[in-house]
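Enquirer: Below you'll find the structure I mean.
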Amino acid sequence: MTTPASSPAPTLPDAGSALPPSEVSAHELKTANHVYIVDSANSWIPCQVVERSSTTEVVVSIPEYKDQQSIKCDGGRSSRRKRSKTVDLSKYPNQALPLQNVDEEGRLQQAAILYNLKDRHTKSLPYTRTGDIVLAVNPYQWIHELYSWERRQMYAQAMVWNDATSERQKGSVDPRTFLRPHVYEASCLAYKGLFQNGDDQSILVSGESGAGKTETVKILLGDLASVQKGPNAEIGDMDNAIVQRVLDSNPLLEAFGNAQTLRNDNSSRFGKFLQLQFDRQPGKCVLAGSKCEVYLLEKSRVTLHHVEERTYHIFYQLLAAPEETKREIWEGLEDTDAESFDYVGWSETDTIEGKTDAERFHLTVQALEMVGVKGESLMGLWRAICIVLQLGNLEFEPTSDDECRVSSHDELEDLSQLMGVPFEKLSKAFTIRHVKAKSENFQVFMTADKAKESTDAFAKELYAKTFLWLVRTINDATCAEKNYENSKGNDFGIVGLLDIFGFETFEVNRFEQLCINYANEKLQQKFTQDIFRSVQEEYEMEGIELEEITYDDNTDVLDLVEGKMGLLACLNEECVRPKGSDKTFVFKSQASNLSNPSFLRDRHAPDCEFGIRHYAGDVIYNATNFVVKNNDTLPSDLLECARLSRNPIVANELSNEAMMNQMSANSSISTKKKRKPRTSIGTAKLMGRKNSNIAAETVWTKFKTQLARLMDALGNTQTRYIRCIKPNSKKRPLMMEHVSTVNQLRCAGVVAAVTISRSAFPNRLEHLNVLEKFKSLWPKGDHIKVLNDQHLDPEERIYKAVEILLTIALKDMEFERQNLTFRGFVMGKTRTYFRAGALEFLEGERLRYLGKYASVIQVQVRKFVALSKFMKYKNAVIVLQSGHRKKVERKKYLMARNSLVKLQCWYRSICAARTIVHLRRKKKSTLIQTTWRVFCERRQFMKMKAAIVVLQRMVRGGLQRPKYRQALAEKKEEAKLENQLLALQRKLEEAEAKRLEAEKQAEAKVTAAVQQYKDEQENQSTQEIPAPPGKNEVSKPEASSLSLDAVKDPSPIHEIGENEEFHTDVDDQTAEQQKLMDESGRMLEYLRKEVFKLRSQNQQLRTDFDLLKDNNQRLMDANASAGASFAALNQHAKQLSKQNAQLIEEVSSSKAQIQKLNVMQAELKEELRMKQLSYVSEVQSRFQYQNGLQKITDLVEANCRDHRLVQQVLEITDEVEMEHMSSGDGRMHVGSIDRSGTNEPRSSIFSYLNPFSG
């Protein structure tokens, strides 16, 4: 929704589109403009005024469309039908209906904004400008051309880097005049305000869930990072590490603070104020860092969420991590999924905005590493998240009425190991609470429900503090004080981006909605003040005296919430009281605020129900669990257990509420002194309870303190507004729901801005526009003279002409008040401001004036239409007449043509019959010749083939016989060698047997010799006188052993030993003994020779055996070679048999062909017989033909009056007859040959065909 060039101030007018009843004539009512009326189903619908039935009622014509998406302001041209309706004007402001012509400035109101937004949304134009406010409709698709680098540079060059002096020379032309609405204009103007004026800036982005706030903040952040590169930046310029860190830190907050809801897949469940820090340098401001503050994280989503929603993304990302990573974080996380933890539960999807949870986990880890969270710090963060998950799996069972115990021991044991806290201490902390009363400590047992509530509160608090720890870590990594090189003594400029939750109203509104709506009331107060200030600036710039401006103020609502006895004080008081309840809070609030018109309470409403009249509408709240949620109690026993944990986040961060760490905690976006936020009575009481076992401040008190700090920060900046609109609940592109869109416009404060900016002068127009539209209505006025006065300056001439013109036109609208005369308009420097009804009166006069000329135009148009119809009818009659004449003549022509066609057909049939006969005869004769030639050639072929087969047989036999003889000889040789091998094997076995027998005989001889020697020794010993045992005596055992040794070892060395032994004893032996010894030596020598001989024989046998073995191997090789040759011969024989089978098959096929020729011969005989019969029938047909031709000629002579035609027919008949006779003679001749001489040709043919039949 664009406004004219010279309208930088908001231009949202209130309604007012029909004249008051006293100023409207009957003719003017009939020519009223197209207007809007209220409709319950479609909010506003377009229609046209038909007539005024009374002073307070008008009849309108309403076009009907097939559905809501088809409704448009086209005057009903695309509607299916129209219906009439009577409208009560008393229900509309100033008893006036809003006009539809929104193209001109001063016509904007709620209905016009709705249909303009819809028109732009269906054209993929999501952004609309209303003064300084940008309305951003979520297109539910990424429009690439809107966010390209070229588009960024276009806005940056036009709104930031253009020479300011040249703009002053042009008359301070608003650069937005030549640009389409875009959020880039907000970021560029904010940068320009910081760069040129040195004022801190802020951009407020608000809207309901799913309206695209988070995405809009990303777009603004990317544009600011692009603009700060300077006017000569190129697309390839790389950002420094600080800028990249600032841009990449935003997805981290989305992972830990966003969740999937029914309205949005990536809904931010917290408020965020991102402060971009810029270093003011000559010629530009450089992005030096950023700081972030968060507000009101939805902690209840950690423990409980809707079945069709999801909890925070980080839980699903962690559970989708690789198993190795999960095992490294915590062993209990291995092989788990979302259903393994009660806080998470089953989810329908694992994909958010096109990326799975596993993919987003890797992106989150990379972003954490970029801000310095890695190693042990990263493990500590993941384990803190695991502790939150494990707390949800704890279950409690009652042991008595007031006591309980942990029933899930395994889950508690895992939690104990994960936290590093002893099992018993952890179990007691969950089931027992210690209460301090003065100097005594009391031990209070908790029921199962209370223990579960305490566990859930601990999980929510732990996740919230982990989220704050992450925010502080991100601030440490991105703030300029710690990361920018020139941070010392530098006063950084600030551009704040506030992504805040919009006004919320549901079927059941609880504590979270009250806090959100309270924050929106504070922001609406600032928005109203900024709009009022802009109206003041506009009136001062135009030189108009500012009259009293009335608008709705939300001071009553803020007093109701923040007053001394307001809702905040009453709720804090109930939190302090030992038995404070939600019902008591509602009753106290009602009693304390009966006089406040913003407090609503029905007499018959439930005890815990009350309402507030907000700026966006009435909201009914359910106060159930208000006290519990505001307290957010966390027993000191669990805090002590947390301090004992090995996890640094759990042990150290539960009591840290700061958004910044030590160095940057006290820094703010401005160096100006901040005023101290007010503290209510309830807050003061709670602040004194820091030594209690429950946390000191309530949730609402903390939120109010943060909100006051935020409002102070925004108060020191120049604020710009972006209102995000969710067009439909189905998340479909190019679709808009009217009722929800109007509600969002109202909640966004756009309607309030209309009221404020248009309270004194609803409509305004440029001086030149007024002159161009209305100067022709009073052509005889003095304004014409002023316009023709060349002595005046052009602007002065226009100014005076407009003033004279409007004074004449609006003379009847002047009124007096307090002795002062007021006209229906006020002249500004560049614009004319109209009071209520003035512009409508001028438009009515303009329509009436233009209506006169419209009648003249209509007459000419009707004449042209009638003449066009007459010419069409005339041309149609001429076409019909020509068609009839054409039909008659064509009928005559067709009759004549048919007669000629019959004659032509008769003549052509005669010629065709001759040709057919000739062709048939030629074909049959050709077939006979072909058959005979085939027979001759095939007979010759068969003879040659038989001869060739005989030759092939003889050649193959001659080639194969030597090979067969050789193979047979080899086979005989192989058999001979096998027999020899068998004989050699038998000889070898016999030789082996002989060797064994010889060895046995030798052993027997040796044994016999030894036995004989023993016997002789025994006999000799009996004959000799026994000598006394002495040194040289040899006993029997010794002798026997010596003999045995001698036998066993006949080597020379042993023999020498024996000789030496005998030589030493020779003196003691007798001659007989010497004789015996000699005989024994000879015997041993003989035995030695026998053994050596046997060994030589054995060696010879072994040599013969090896030789036989080699011969056997050669025979086996020869056998294998013979087998291979035999296999080759066998294969060749198979090939010969296959060729023989082929030859047999060819002979069979030849026989079949001969059979076919025999059949053909019979068919030819039959065909010759039929040919003869056909010749006979042809002769008969010729006689009939001559008779028919004679009848035709007779008929032509008798009936035809044209003698020339008769003569031509007779000539043609004679020619045909002559040709017939000449051809007939030939034919008859052929026929006679066939009849008379048939026997001879047939006999010759049969004689030729005899071989086939044979």
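Starting from 1 in every chain, residues are counted up; chains themselves are A, B, ... following the order of the structure tokens, and ligands are numbered from 1 as listed.
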Please extract the residues of range 355-587 of chain A with a backbone DSSP assignment of strand (DSSP E or B) and present them as a ChimeraX atom specification.

Expert: /A:355-356,396-398,404-406,432-437,440-445,493-499,509

Enquirer: As a list in words, please: the residues near Thr261 in chain A (cut-off 10 Å, only C-alpha atoms, same-chain neighbours under 3 positions excluded).

Expert: Ser209, Gly210, Asn258, Asn264, Asp265, Asn266, Ser267, Ser268, Arg269, His305, His306, Val307, Glu308, Glu309, Arg310 and Thr311 of chain A

Enquirer: Find the spatial neighbours of Met565 in chain A, counting only C-alpha atoms, within a cut-off of 8 Å - ignore same-chain residues fewer than 5 positions away - and output them as a PyMOL selection string.

Expert: chain A and resi 560+570+589+592-593

Enquirer: Go ahead and write the selection's residues with N, CA, C and O atoms as a PDB file, in the first residue's frame.

Expert:
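Saved as out_7.pdb:
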ATOM      1  N   LEU A 560      -4.431  -0.565  35.463  1.00  0.00           N
ATOM      2  CA  LEU A 560      -5.026  -1.789  35.998  1.00  0.00           C
ATOM      3  C   LEU A 560      -3.964  -2.847  36.287  1.00  0.00           C
ATOM      4  O   LEU A 560      -4.068  -3.588  37.267  1.00  0.00           O
ATOM      5  N   CYS A 570      -1.708  -7.377  43.447  1.00  0.00           N
ATOM      6  CA  CYS A 570      -2.575  -8.382  44.057  1.00  0.00           C
ATOM      7  C   CYS A 570      -2.012  -9.790  43.880  1.00  0.00           C
ATOM      8  O   CYS A 570      -2.050 -10.614  44.808  1.00  0.00           O
ATOM      9  N   SER A 589      -8.595  -8.413  43.081  1.00  0.00           N
ATOM     10  CA  SER A 589      -8.442  -7.558  41.896  1.00  0.00           C
ATOM     11  C   SER A 589      -9.753  -6.867  41.552  1.00  0.00           C
ATOM     12  O   SER A 589      -9.783  -5.678  41.204  1.00  0.00           O
ATOM     13  N   SER A 592     -10.483  -4.090  44.159  1.00  0.00           N
ATOM     14  CA  SER A 592      -9.570  -2.948  44.101  1.00  0.00           C
ATOM     15  C   SER A 592      -9.741  -2.136  42.817  1.00  0.00           C
ATOM     16  O   SER A 592      -9.262  -0.996  42.752  1.00  0.00           O
ATOM     17  N   ASN A 593     -10.375  -2.688  41.785  1.00  0.00           N
ATOM     18  CA  ASN A 593     -10.426  -2.008  40.493  1.00  0.00           C
ATOM     19  C   ASN A 593     -11.853  -1.919  39.941  1.00  0.00           C
ATOM     20  O   ASN A 593     -12.074  -2.022  38.740  1.00  0.00           O
TER      21      ASN A 593
END

Enquirer: One decimal, in Å: what's the spacing between CA of Leu389 in chain A and CA of Leu319 in chain A?

Expert: 10.4 Å

Enquirer: Excluding Gly580 in chain A and any residue of its chain fewer than 2 positions from it, enumerate the residues within 12 Å of it, using only C-alpha atoms, and give them as a PyMOL selection string.

Expert: chain A and resi 570-578+582-588+625-628+630-631

Enquirer: Would you mind exporting N, CA, C and O atoms of the selected residues as a PDB file, in the first residue's frame?

Expert:
ATOM      1  N   CYS A 570      -1.708  -7.377  43.447  1.00  0.00           N
ATOM      2  CA  CYS A 570      -2.575  -8.382  44.057  1.00  0.00           C
ATOM      3  C   CYS A 570      -2.012  -9.790  43.880  1.00  0.00           C
ATOM      4  O   CYS A 570      -2.050 -10.614  44.808  1.00  0.00           O
ATOM      5  N   LEU A 571      -1.482 -10.087  42.712  1.00  0.00           N
ATOM      6  CA  LEU A 571      -0.938 -11.428  42.471  1.00  0.00           C
ATOM      7  C   LEU A 571       0.320 -11.650  43.305  1.00  0.00           C
ATOM      8  O   LEU A 571       0.505 -12.737  43.890  1.00  0.00           O
ATOM      9  N   ASN A 572       1.180 -10.648  43.410  1.00  0.00           N
ATOM     10  CA  ASN A 572       2.375 -10.797  44.244  1.00  0.00           C
ATOM     11  C   ASN A 572       2.000 -10.965  45.710  1.00  0.00           C
ATOM     12  O   ASN A 572       2.657 -11.715  46.457  1.00  0.00           O
ATOM     13  N   GLU A 573       0.963 -10.280  46.129  1.00  0.00           N
ATOM     14  CA  GLU A 573       0.530 -10.424  47.522  1.00  0.00           C
ATOM     15  C   GLU A 573       0.027 -11.828  47.799  1.00  0.00           C
ATOM     16  O   GLU A 573       0.294 -12.401  48.856  1.00  0.00           O
ATOM     17  N   GLU A 574      -0.711 -12.393  46.844  1.00  0.00           N
ATOM     18  CA  GLU A 574      -1.179 -13.759  47.017  1.00  0.00           C
ATOM     19  C   GLU A 574      -0.018 -14.754  47.011  1.00  0.00           C
ATOM     20  O   GLU A 574      -0.079 -15.789  47.674  1.00  0.00           O
ATOM     21  N   CYS A 575       1.015 -14.437  46.273  1.00  0.00           N
ATOM     22  CA  CYS A 575       2.187 -15.320  46.263  1.00  0.00           C
ATOM     23  C   CYS A 575       2.908 -15.278  47.607  1.00  0.00           C
ATOM     24  O   CYS A 575       3.559 -16.255  48.012  1.00  0.00           O
ATOM     25  N   VAL A 576       2.832 -14.138  48.309  1.00  0.00           N
ATOM     26  CA  VAL A 576       3.499 -14.009  49.602  1.00  0.00           C
ATOM     27  C   VAL A 576       2.703 -14.715  50.695  1.00  0.00           C
ATOM     28  O   VAL A 576       3.273 -15.344  51.605  1.00  0.00           O
ATOM     29  N   ARG A 577       1.378 -14.610  50.625  1.00  0.00           N
ATOM     30  CA  ARG A 577       0.539 -15.205  51.660  1.00  0.00           C
ATOM     31  C   ARG A 577       0.724 -16.716  51.688  1.00  0.00           C
ATOM     32  O   ARG A 577       0.822 -17.358  50.661  1.00  0.00           O
ATOM     33  N   PRO A 578       0.721 -17.330  52.880  1.00  0.00           N
ATOM     34  CA  PRO A 578       0.918 -18.784  52.973  1.00  0.00           C
ATOM     35  C   PRO A 578      -0.145 -19.577  52.235  1.00  0.00           C
ATOM     36  O   PRO A 578       0.142 -20.600  51.654  1.00  0.00           O
ATOM     37  N   ASP A 582      -5.787 -18.615  43.690  1.00  0.00           N
ATOM     38  CA  ASP A 582      -6.182 -17.913  42.479  1.00  0.00           C
ATOM     39  C   ASP A 582      -7.529 -17.210  42.657  1.00  0.00           C
ATOM     40  O   ASP A 582      -7.733 -16.099  42.146  1.00  0.00           O
ATOM     41  N   LYS A 583      -8.451 -17.843  43.365  1.00  0.00           N
ATOM     42  CA  LYS A 583      -9.759 -17.220  43.587  1.00  0.00           C
ATOM     43  C   LYS A 583      -9.608 -15.927  44.380  1.00  0.00           C
ATOM     44  O   LYS A 583     -10.234 -14.905  44.051  1.00  0.00           O
ATOM     45  N   THR A 584      -8.786 -15.958  45.432  1.00  0.00           N
ATOM     46  CA  THR A 584      -8.583 -14.747  46.227  1.00  0.00           C
ATOM     47  C   THR A 584      -7.972 -13.641  45.392  1.00  0.00           C
ATOM     48  O   THR A 584      -8.324 -12.466  45.526  1.00  0.00           O
ATOM     49  N   PHE A 585      -7.063 -14.001  44.490  1.00  0.00           N
ATOM     50  CA  PHE A 585      -6.462 -12.999  43.615  1.00  0.00           C
ATOM     51  C   PHE A 585      -7.529 -12.328  42.744  1.00  0.00           C
ATOM     52  O   PHE A 585      -7.545 -11.103  42.579  1.00  0.00           O
ATOM     53  N   VAL A 586      -8.444 -13.110  42.179  1.00  0.00           N
ATOM     54  CA  VAL A 586      -9.490 -12.541  41.328  1.00  0.00           C
ATOM     55  C   VAL A 586     -10.414 -11.638  42.129  1.00  0.00           C
ATOM     56  O   VAL A 586     -10.756 -10.518  41.711  1.00  0.00           O
ATOM     57  N   PHE A 587     -10.804 -12.082  43.352  1.00  0.00           N
ATOM     58  CA  PHE A 587     -11.709 -11.271  44.170  1.00  0.00           C
ATOM     59  C   PHE A 587     -11.042  -9.976  44.603  1.00  0.00           C
ATOM     60  O   PHE A 587     -11.659  -8.896  44.583  1.00  0.00           O
ATOM     61  N   LYS A 588      -9.783 -10.039  45.005  1.00  0.00           N
ATOM     62  CA  LYS A 588      -9.075  -8.815  45.420  1.00  0.00           C
ATOM     63  C   LYS A 588      -8.922  -7.860  44.243  1.00  0.00           C
ATOM     64  O   LYS A 588      -9.083  -6.650  44.393  1.00  0.00           O
ATOM     65  N   ASN A 625      -3.989 -21.506  38.361  1.00  0.00           N
ATOM     66  CA  ASN A 625      -2.532 -21.676  38.454  1.00  0.00           C
ATOM     67  C   ASN A 625      -1.779 -20.372  38.254  1.00  0.00           C
ATOM     68  O   ASN A 625      -0.570 -20.397  38.002  1.00  0.00           O
ATOM     69  N   PHE A 626      -2.442 -19.223  38.379  1.00  0.00           N
ATOM     70  CA  PHE A 626      -1.724 -17.955  38.294  1.00  0.00           C
ATOM     71  C   PHE A 626      -0.697 -17.844  39.398  1.00  0.00           C
ATOM     72  O   PHE A 626       0.448 -17.428  39.180  1.00  0.00           O
ATOM     73  N   VAL A 627      -1.074 -18.200  40.616  1.00  0.00           N
ATOM     74  CA  VAL A 627      -0.174 -18.071  41.775  1.00  0.00           C
ATOM     75  C   VAL A 627       1.005 -19.018  41.625  1.00  0.00           C
ATOM     76  O   VAL A 627       2.158 -18.648  41.891  1.00  0.00           O
ATOM     77  N   VAL A 628       0.728 -20.257  41.200  1.00  0.00           N
ATOM     78  CA  VAL A 628       1.813 -21.237  41.052  1.00  0.00           C
ATOM     79  C   VAL A 628       2.788 -20.796  39.973  1.00  0.00           C
ATOM     80  O   VAL A 628       4.012 -20.820  40.155  1.00  0.00           O
ATOM     81  N   ASN A 630       3.285 -17.790  38.807  1.00  0.00           N
ATOM     82  CA  ASN A 630       3.981 -16.557  39.176  1.00  0.00           C
ATOM     83  C   ASN A 630       5.067 -16.810  40.196  1.00  0.00           C
ATOM     84  O   ASN A 630       6.116 -16.178  40.186  1.00  0.00           O
ATOM     85  N   ASN A 631       4.810 -17.758  41.138  1.00  0.00           N
ATOM     86  CA  ASN A 631       5.827 -18.099  42.137  1.00  0.00           C
ATOM     87  C   ASN A 631       7.006 -18.795  41.504  1.00  0.00           C
ATOM     88  O   ASN A 631       8.166 -18.475  41.751  1.00  0.00           O
TER      89      ASN A 631
END

Enquirer: For Lys213 in chain A, please output as number ranges by chain all residues within 12 Å (counting only C-alpha atoms; exclusion window: fewer than 5 positions along the same chain).

Expert: A: 135-138, 183, 203-208, 218-220, 264, 266-272, 497-502, 721-726

Enquirer: For range 401-416 of chain A, please output as number ranges by chain all residues within 9 Å (counting only C-alpha atoms; exclusion window: fewer than 3 positions along the same chain).

Expert: A: 332, 386-387, 390-391, 393-398, 419-423, 426-428, 430-432, 445-448, 451

Enquirer: Could you tell me how far CA of Leu568 in chain A sits from CA of Lys436 in chain A, in Å to one decimal place?

Expert: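 These two atoms are separated by 26.9 Å.
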
Enquirer: When you count only C-alpha atoms, which of these residues is closest to Gly257 in chain A: A:Leu468, A:Met154, A:Ala288, A:Leu1173?

Expert: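 Closest residue, counting only C-alpha atoms: A:Leu468.
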